[in-house]
$ cat entry.cif   # mmCIF, N, CA and C atoms
data_target
#
loop_
_atom_site.label_atom_id
_atom_site.label_comp_id
_atom_site.auth_asym_id
_atom_site.auth_seq_id
_atom_site.Cartn_x
_atom_site.Cartn_y
_atom_site.Cartn_z
N MET R 1 -71.23 -6.11 -1.03
CA MET R 1 -72.49 -6.19 -0.33
C MET R 1 -73.43 -5.14 -0.90
N ARG R 2 -74.70 -5.46 -0.91
CA ARG R 2 -75.70 -4.53 -1.42
C ARG R 2 -76.77 -4.31 -0.35
N ASN R 3 -77.30 -3.11 -0.33
CA ASN R 3 -78.38 -2.80 0.62
C ASN R 3 -79.73 -3.12 -0.01
N ASP R 4 -80.81 -2.72 0.65
CA ASP R 4 -82.15 -3.03 0.16
C ASP R 4 -82.45 -2.35 -1.17
N ALA R 5 -81.79 -1.22 -1.43
CA ALA R 5 -81.98 -0.49 -2.70
C ALA R 5 -81.06 -1.03 -3.79
N LYS R 6 -80.40 -2.16 -3.54
CA LYS R 6 -79.49 -2.82 -4.49
C LYS R 6 -78.26 -1.97 -4.83
N GLN R 7 -77.88 -1.10 -3.91
CA GLN R 7 -76.68 -0.28 -4.10
C GLN R 7 -75.53 -0.91 -3.33
N PHE R 8 -74.33 -0.76 -3.90
CA PHE R 8 -73.14 -1.29 -3.24
C PHE R 8 -72.88 -0.49 -1.96
N THR R 9 -72.64 -1.21 -0.86
CA THR R 9 -72.40 -0.55 0.42
C THR R 9 -71.46 -1.40 1.28
N LEU R 10 -70.77 -0.75 2.17
CA LEU R 10 -69.91 -1.42 3.15
C LEU R 10 -70.50 -1.32 4.55
N GLU R 11 -71.78 -1.05 4.64
CA GLU R 11 -72.45 -0.85 5.93
C GLU R 11 -72.32 -2.07 6.84
N HIS R 12 -72.36 -3.25 6.28
CA HIS R 12 -72.25 -4.46 7.10
C HIS R 12 -70.89 -4.53 7.79
N TYR R 13 -69.85 -4.11 7.10
CA TYR R 13 -68.51 -4.12 7.69
C TYR R 13 -68.38 -3.05 8.76
N ARG R 14 -68.97 -1.90 8.53
CA ARG R 14 -68.95 -0.84 9.55
C ARG R 14 -69.68 -1.32 10.80
N GLN R 15 -70.79 -2.00 10.60
CA GLN R 15 -71.58 -2.51 11.73
C GLN R 15 -70.76 -3.51 12.56
N LEU R 16 -69.92 -4.28 11.90
CA LEU R 16 -69.07 -5.24 12.59
C LEU R 16 -68.17 -4.58 13.61
N PHE R 17 -67.67 -3.40 13.29
CA PHE R 17 -66.72 -2.72 14.17
C PHE R 17 -67.38 -1.82 15.20
N ILE R 18 -68.63 -1.42 15.00
CA ILE R 18 -69.25 -0.50 15.97
C ILE R 18 -70.25 -1.19 16.90
N ASP R 19 -70.74 -2.36 16.54
CA ASP R 19 -71.70 -3.08 17.37
C ASP R 19 -70.95 -3.85 18.45
N PRO R 20 -71.16 -3.52 19.74
CA PRO R 20 -70.42 -4.20 20.81
C PRO R 20 -70.68 -5.71 20.86
N SER R 21 -71.85 -6.15 20.45
CA SER R 21 -72.13 -7.59 20.50
C SER R 21 -71.36 -8.35 19.42
N LEU R 22 -70.88 -7.66 18.39
CA LEU R 22 -70.09 -8.31 17.34
C LEU R 22 -68.59 -8.14 17.55
N LEU R 23 -68.21 -7.22 18.41
CA LEU R 23 -66.79 -6.95 18.61
C LEU R 23 -66.07 -8.10 19.31
N THR R 24 -66.68 -8.71 20.30
CA THR R 24 -66.05 -9.83 21.00
C THR R 24 -65.82 -11.02 20.08
N PRO R 25 -66.82 -11.45 19.28
CA PRO R 25 -66.54 -12.55 18.35
C PRO R 25 -65.47 -12.18 17.31
N LEU R 26 -65.44 -10.92 16.88
CA LEU R 26 -64.42 -10.49 15.94
C LEU R 26 -63.02 -10.61 16.55
N LEU R 27 -62.86 -10.12 17.77
CA LEU R 27 -61.55 -10.19 18.42
C LEU R 27 -61.16 -11.64 18.73
N THR R 28 -62.12 -12.46 19.11
CA THR R 28 -61.84 -13.87 19.35
C THR R 28 -61.39 -14.56 18.07
N THR R 29 -62.05 -14.25 16.96
CA THR R 29 -61.67 -14.83 15.67
C THR R 29 -60.28 -14.39 15.26
N LEU R 30 -59.98 -13.11 15.41
CA LEU R 30 -58.66 -12.60 15.03
C LEU R 30 -57.56 -13.22 15.91
N TRP R 31 -57.81 -13.31 17.22
CA TRP R 31 -56.82 -13.88 18.13
C TRP R 31 -56.59 -15.35 17.81
N THR R 32 -57.68 -16.09 17.59
CA THR R 32 -57.56 -17.52 17.29
C THR R 32 -56.81 -17.73 15.98
N SER R 33 -57.14 -16.94 14.97
CA SER R 33 -56.46 -17.06 13.68
C SER R 33 -54.97 -16.79 13.80
N ALA R 34 -54.62 -15.75 14.54
CA ALA R 34 -53.21 -15.42 14.73
C ALA R 34 -52.49 -16.53 15.50
N ALA R 35 -53.11 -17.06 16.54
CA ALA R 35 -52.49 -18.13 17.32
C ALA R 35 -52.29 -19.39 16.49
N VAL R 36 -53.27 -19.74 15.68
CA VAL R 36 -53.15 -20.92 14.83
C VAL R 36 -52.06 -20.71 13.79
N GLY R 37 -51.99 -19.51 13.22
CA GLY R 37 -50.94 -19.22 12.24
C GLY R 37 -49.56 -19.35 12.83
N VAL R 38 -49.36 -18.81 14.02
CA VAL R 38 -48.05 -18.90 14.67
C VAL R 38 -47.73 -20.35 15.02
N ALA R 39 -48.71 -21.08 15.55
CA ALA R 39 -48.48 -22.48 15.89
C ALA R 39 -48.13 -23.31 14.66
N CYS R 40 -48.79 -23.03 13.54
CA CYS R 40 -48.49 -23.76 12.31
C CYS R 40 -47.07 -23.49 11.84
N VAL R 41 -46.65 -22.24 11.92
CA VAL R 41 -45.28 -21.92 11.50
C VAL R 41 -44.27 -22.58 12.43
N LEU R 42 -44.53 -22.55 13.73
CA LEU R 42 -43.58 -23.13 14.69
C LEU R 42 -43.50 -24.65 14.60
N ILE R 43 -44.59 -25.29 14.21
CA ILE R 43 -44.59 -26.75 14.14
C ILE R 43 -44.34 -27.25 12.73
N ALA R 44 -45.02 -26.67 11.74
CA ALA R 44 -44.96 -27.19 10.38
C ALA R 44 -43.64 -26.89 9.68
N ALA R 45 -43.06 -25.74 9.93
CA ALA R 45 -41.80 -25.40 9.24
C ALA R 45 -40.67 -26.37 9.63
N PRO R 46 -40.44 -26.60 10.92
CA PRO R 46 -39.42 -27.60 11.26
C PRO R 46 -39.77 -29.01 10.77
N MET R 47 -41.06 -29.37 10.82
CA MET R 47 -41.46 -30.68 10.37
C MET R 47 -41.20 -30.85 8.87
N SER R 48 -41.52 -29.82 8.09
CA SER R 48 -41.29 -29.92 6.64
C SER R 48 -39.80 -30.00 6.33
N TRP R 49 -38.99 -29.26 7.07
CA TRP R 49 -37.55 -29.32 6.86
C TRP R 49 -37.03 -30.73 7.18
N LEU R 50 -37.50 -31.30 8.30
CA LEU R 50 -37.08 -32.65 8.68
C LEU R 50 -37.46 -33.68 7.61
N VAL R 51 -38.66 -33.56 7.08
CA VAL R 51 -39.11 -34.53 6.07
C VAL R 51 -38.34 -34.35 4.77
N ALA R 52 -38.10 -33.10 4.37
CA ALA R 52 -37.48 -32.85 3.07
C ALA R 52 -35.97 -33.00 3.08
N ARG R 53 -35.30 -32.67 4.17
CA ARG R 53 -33.84 -32.57 4.16
C ARG R 53 -33.08 -33.58 4.99
N THR R 54 -33.77 -34.41 5.73
CA THR R 54 -33.06 -35.37 6.58
C THR R 54 -33.53 -36.79 6.27
N ASP R 55 -32.86 -37.73 6.85
CA ASP R 55 -33.24 -39.13 6.71
C ASP R 55 -34.09 -39.52 7.92
N LEU R 56 -35.23 -38.92 8.02
CA LEU R 56 -36.13 -39.09 9.15
C LEU R 56 -36.77 -40.48 9.13
N PRO R 57 -36.70 -41.24 10.23
CA PRO R 57 -37.40 -42.53 10.26
C PRO R 57 -38.91 -42.29 10.21
N GLY R 58 -39.61 -43.09 9.45
CA GLY R 58 -41.06 -42.95 9.35
C GLY R 58 -41.48 -41.80 8.45
N LYS R 59 -40.62 -41.38 7.56
CA LYS R 59 -40.91 -40.24 6.68
C LYS R 59 -42.15 -40.51 5.82
N ARG R 60 -42.24 -41.72 5.31
CA ARG R 60 -43.37 -42.06 4.44
C ARG R 60 -44.69 -42.02 5.22
N LEU R 61 -44.69 -42.52 6.45
CA LEU R 61 -45.89 -42.47 7.28
C LEU R 61 -46.27 -41.03 7.58
N LEU R 62 -45.29 -40.21 7.90
CA LEU R 62 -45.56 -38.80 8.19
C LEU R 62 -46.16 -38.09 6.99
N ARG R 63 -45.63 -38.34 5.81
CA ARG R 63 -46.19 -37.73 4.59
C ARG R 63 -47.63 -38.20 4.37
N THR R 64 -47.90 -39.47 4.62
CA THR R 64 -49.25 -39.99 4.47
C THR R 64 -50.21 -39.33 5.45
N LEU R 65 -49.79 -39.15 6.69
CA LEU R 65 -50.64 -38.51 7.69
C LEU R 65 -50.90 -37.05 7.35
N ILE R 66 -49.90 -36.37 6.83
CA ILE R 66 -50.09 -34.98 6.43
C ILE R 66 -51.08 -34.90 5.27
N LEU R 67 -50.96 -35.79 4.31
CA LEU R 67 -51.90 -35.81 3.20
C LEU R 67 -53.31 -36.13 3.70
N ALA R 68 -53.42 -37.03 4.65
CA ALA R 68 -54.73 -37.39 5.20
C ALA R 68 -55.41 -36.20 5.87
N SER R 69 -54.62 -35.29 6.43
CA SER R 69 -55.22 -34.12 7.08
C SER R 69 -55.90 -33.20 6.07
N PHE R 70 -55.48 -33.25 4.82
CA PHE R 70 -56.10 -32.42 3.79
C PHE R 70 -57.40 -33.03 3.27
N VAL R 71 -57.54 -34.33 3.31
CA VAL R 71 -58.72 -34.98 2.75
C VAL R 71 -59.74 -35.38 3.81
N THR R 72 -59.40 -35.26 5.07
CA THR R 72 -60.33 -35.59 6.15
C THR R 72 -61.27 -34.41 6.39
N PRO R 73 -62.56 -34.64 6.41
CA PRO R 73 -63.49 -33.53 6.66
C PRO R 73 -63.24 -32.89 8.03
N PRO R 74 -63.38 -31.58 8.13
CA PRO R 74 -63.17 -30.90 9.42
C PRO R 74 -64.08 -31.40 10.53
N PHE R 75 -65.25 -31.90 10.15
CA PHE R 75 -66.16 -32.42 11.17
C PHE R 75 -65.52 -33.56 11.95
N LEU R 76 -64.79 -34.42 11.26
CA LEU R 76 -64.14 -35.54 11.94
C LEU R 76 -63.07 -35.05 12.91
N GLY R 77 -62.35 -34.01 12.51
CA GLY R 77 -61.36 -33.42 13.41
C GLY R 77 -62.00 -32.81 14.64
N ALA R 78 -63.11 -32.11 14.44
CA ALA R 78 -63.82 -31.51 15.58
C ALA R 78 -64.35 -32.59 16.51
N PHE R 79 -64.87 -33.65 15.94
CA PHE R 79 -65.38 -34.76 16.75
C PHE R 79 -64.25 -35.42 17.53
N ALA R 80 -63.09 -35.54 16.90
CA ALA R 80 -61.94 -36.14 17.60
C ALA R 80 -61.53 -35.28 18.78
N TRP R 81 -61.55 -33.95 18.62
CA TRP R 81 -61.20 -33.07 19.73
C TRP R 81 -62.20 -33.21 20.88
N VAL R 82 -63.48 -33.37 20.54
CA VAL R 82 -64.48 -33.57 21.59
C VAL R 82 -64.21 -34.87 22.33
N LEU R 83 -63.86 -35.93 21.59
CA LEU R 83 -63.57 -37.20 22.24
C LEU R 83 -62.33 -37.13 23.12
N LEU R 84 -61.37 -36.32 22.74
CA LEU R 84 -60.14 -36.20 23.53
C LEU R 84 -60.26 -35.19 24.67
N GLY R 85 -60.82 -34.01 24.39
CA GLY R 85 -60.76 -32.94 25.38
C GLY R 85 -62.09 -32.46 25.91
N GLY R 86 -63.15 -33.23 25.71
CA GLY R 86 -64.43 -32.85 26.29
C GLY R 86 -64.29 -32.73 27.81
N PRO R 87 -64.93 -31.74 28.42
CA PRO R 87 -64.68 -31.48 29.84
C PRO R 87 -65.06 -32.62 30.78
N ASN R 88 -66.05 -33.42 30.42
CA ASN R 88 -66.48 -34.49 31.33
C ASN R 88 -66.26 -35.88 30.77
N ALA R 89 -66.37 -36.03 29.45
CA ALA R 89 -66.28 -37.36 28.86
C ALA R 89 -65.06 -37.54 27.96
N GLY R 90 -64.24 -36.52 27.82
CA GLY R 90 -63.05 -36.64 26.98
C GLY R 90 -62.05 -37.62 27.58
N LEU R 91 -61.34 -38.33 26.72
CA LEU R 91 -60.40 -39.35 27.20
C LEU R 91 -59.32 -38.77 28.11
N VAL R 92 -58.79 -37.62 27.73
CA VAL R 92 -57.73 -37.01 28.54
C VAL R 92 -58.27 -36.69 29.93
N ASN R 93 -59.46 -36.12 30.01
CA ASN R 93 -60.05 -35.78 31.31
C ASN R 93 -60.46 -37.02 32.09
N GLN R 94 -60.91 -38.07 31.42
CA GLN R 94 -61.24 -39.31 32.11
C GLN R 94 -60.00 -39.90 32.78
N TRP R 95 -58.88 -39.88 32.05
CA TRP R 95 -57.62 -40.37 32.63
C TRP R 95 -57.21 -39.50 33.81
N TYR R 96 -57.37 -38.19 33.67
CA TYR R 96 -57.03 -37.25 34.74
C TYR R 96 -57.89 -37.53 35.98
N TYR R 97 -59.21 -37.70 35.78
CA TYR R 97 -60.09 -37.98 36.91
C TYR R 97 -59.71 -39.29 37.59
N ALA R 98 -59.43 -40.32 36.78
CA ALA R 98 -59.07 -41.62 37.34
C ALA R 98 -57.74 -41.57 38.08
N LEU R 99 -56.77 -40.84 37.54
CA LEU R 99 -55.44 -40.75 38.15
C LEU R 99 -55.49 -40.09 39.52
N PHE R 100 -56.32 -39.05 39.66
CA PHE R 100 -56.37 -38.31 40.91
C PHE R 100 -57.61 -38.62 41.76
N GLY R 101 -58.41 -39.61 41.36
CA GLY R 101 -59.58 -40.00 42.13
C GLY R 101 -60.66 -38.94 42.16
N LEU R 102 -60.79 -38.17 41.11
CA LEU R 102 -61.81 -37.11 41.03
C LEU R 102 -63.06 -37.63 40.34
N LYS R 103 -64.16 -36.90 40.51
CA LYS R 103 -65.42 -37.28 39.88
C LYS R 103 -65.76 -36.28 38.79
N PRO R 104 -66.15 -36.79 37.60
CA PRO R 104 -66.59 -35.88 36.54
C PRO R 104 -67.79 -35.07 37.00
N PHE R 105 -67.96 -33.91 36.47
CA PHE R 105 -69.04 -32.96 36.78
C PHE R 105 -68.85 -32.30 38.14
N GLU R 106 -67.96 -32.81 38.98
CA GLU R 106 -67.73 -32.19 40.29
C GLU R 106 -66.40 -31.46 40.33
N ALA R 107 -65.39 -32.01 39.68
CA ALA R 107 -64.06 -31.39 39.68
C ALA R 107 -63.85 -30.61 38.39
N GLN R 108 -62.93 -29.66 38.42
CA GLN R 108 -62.57 -28.92 37.22
C GLN R 108 -61.84 -29.85 36.26
N PRO R 109 -62.19 -29.81 34.98
CA PRO R 109 -61.48 -30.67 34.02
C PRO R 109 -60.07 -30.16 33.77
N LEU R 110 -59.18 -31.05 33.40
CA LEU R 110 -57.82 -30.67 33.04
C LEU R 110 -57.83 -29.88 31.74
N ILE R 111 -58.62 -30.35 30.76
CA ILE R 111 -58.75 -29.69 29.46
C ILE R 111 -60.22 -29.45 29.19
N ASN R 112 -60.56 -28.26 28.74
CA ASN R 112 -61.92 -27.95 28.33
C ASN R 112 -61.85 -27.28 26.97
N ILE R 113 -62.23 -28.00 25.92
CA ILE R 113 -62.12 -27.45 24.57
C ILE R 113 -63.25 -26.51 24.23
N PHE R 114 -64.28 -26.47 25.06
CA PHE R 114 -65.42 -25.61 24.78
C PHE R 114 -65.19 -24.23 25.40
N PRO R 115 -65.66 -23.18 24.74
CA PRO R 115 -65.42 -21.83 25.27
C PRO R 115 -66.26 -21.57 26.51
N PRO R 116 -65.80 -20.66 27.35
CA PRO R 116 -66.61 -20.28 28.51
C PRO R 116 -67.94 -19.66 28.05
N ALA R 117 -68.95 -19.75 28.89
CA ALA R 117 -70.27 -19.22 28.54
C ALA R 117 -70.22 -17.72 28.27
N ALA R 118 -69.28 -17.02 28.89
CA ALA R 118 -69.18 -15.57 28.70
C ALA R 118 -68.82 -15.23 27.26
N TRP R 119 -68.11 -16.13 26.57
CA TRP R 119 -67.74 -15.86 25.17
C TRP R 119 -68.93 -15.96 24.24
N CYS R 120 -69.90 -16.77 24.61
CA CYS R 120 -71.03 -17.06 23.72
C CYS R 120 -72.18 -16.07 23.87
N SER R 121 -72.11 -15.19 24.83
CA SER R 121 -73.23 -14.28 25.03
C SER R 121 -73.08 -13.02 24.22
#
$ encode --input "entry.cif" --output "structure tokens"
Amino acid sequence: MRNDAKQFTLEHYRQLFIDPSLLTPLLTTLWTSAAVGVACVLIAAPMSWLVARTDLPGKRLLRTLILASFVTPPFLGAFAWVLLGGPNAGLVNQWYYALFGLKPFEAQPLINIFPPAAWCS
């Protein structure tokens, strides 16, 4: 990074750690990254062992789906999560509301993929 005088500086990184308004997003990012890493190890390692070392039914389909996850744009994945876990219109929450006779926008959703407003401030 360079400052206005075109000199190399790490001031932007220092600002990240001392500015309270940047500390919450930093900690959220670190926590999310760590949780995703652990979840990937817990799910992907056994799955890869099953595909590589056993006679798993549907192995070819599983390999195709894994390959598809690498070529599918992240936007489509994010859109799919909104369709599944949106607090009022997501399919999972719609089924939940219908099962228990609840009304969207009035009852708490079963799944809310969006962060609380406190995280965004």
$ closest_residue --input "entry.cif" --among "R:Phe114, R:Leu16, R:Val41, R:Ala5" --to "Val82 (chain R)" --atoms "all atoms listed in the file"
R:Phe114
$ atom_distance --input "entry.cif" --atom1 "CA of Trp81 (chain R)" --atom2 "CA of Ala68 (chain R)"
16.5 Å
$ select_by_dssp --input "entry.cif" --residues "region 5-94 of chain R" --states "helix (DSSP H, G or I)" --output "ChimeraX atom specification"
/R:11-18,20-53,59-71,74-85,91-94
$ residues_around --input "entry.cif" --residues "Asn112 (chain R)" --least-positions-apart "5" --cutoff "8 Å" --atoms "only C-alpha atoms" --output "NGL selection string"
:R and (85-87)
$ atom_distance --input "entry.cif" --atom1 "CA of Glu106 (chain R)" --atom2 "atom C of Asn88 (chain R)"
10.3 Å
$ atom_distance --input "entry.cif" --atom1 "atom C of Leu27 (chain R)" --atom2 "atom C of Cys40 (chain R)"
19.7 Å
$ resolve_selection --input "entry.cif" --expression "the PyMOL selection byres (((chain R and resi 108 and name CA) around 12) and name CA)" --output "list in words"
Gly86, Pro87, Asn88, Asn93, Gln94, Tyr96, Tyr97, Phe100, Leu102, Lys103, Pro104, Phe105, Glu106, Ala107, Pro109, Leu110, Ile111 and Asn112 of chain R
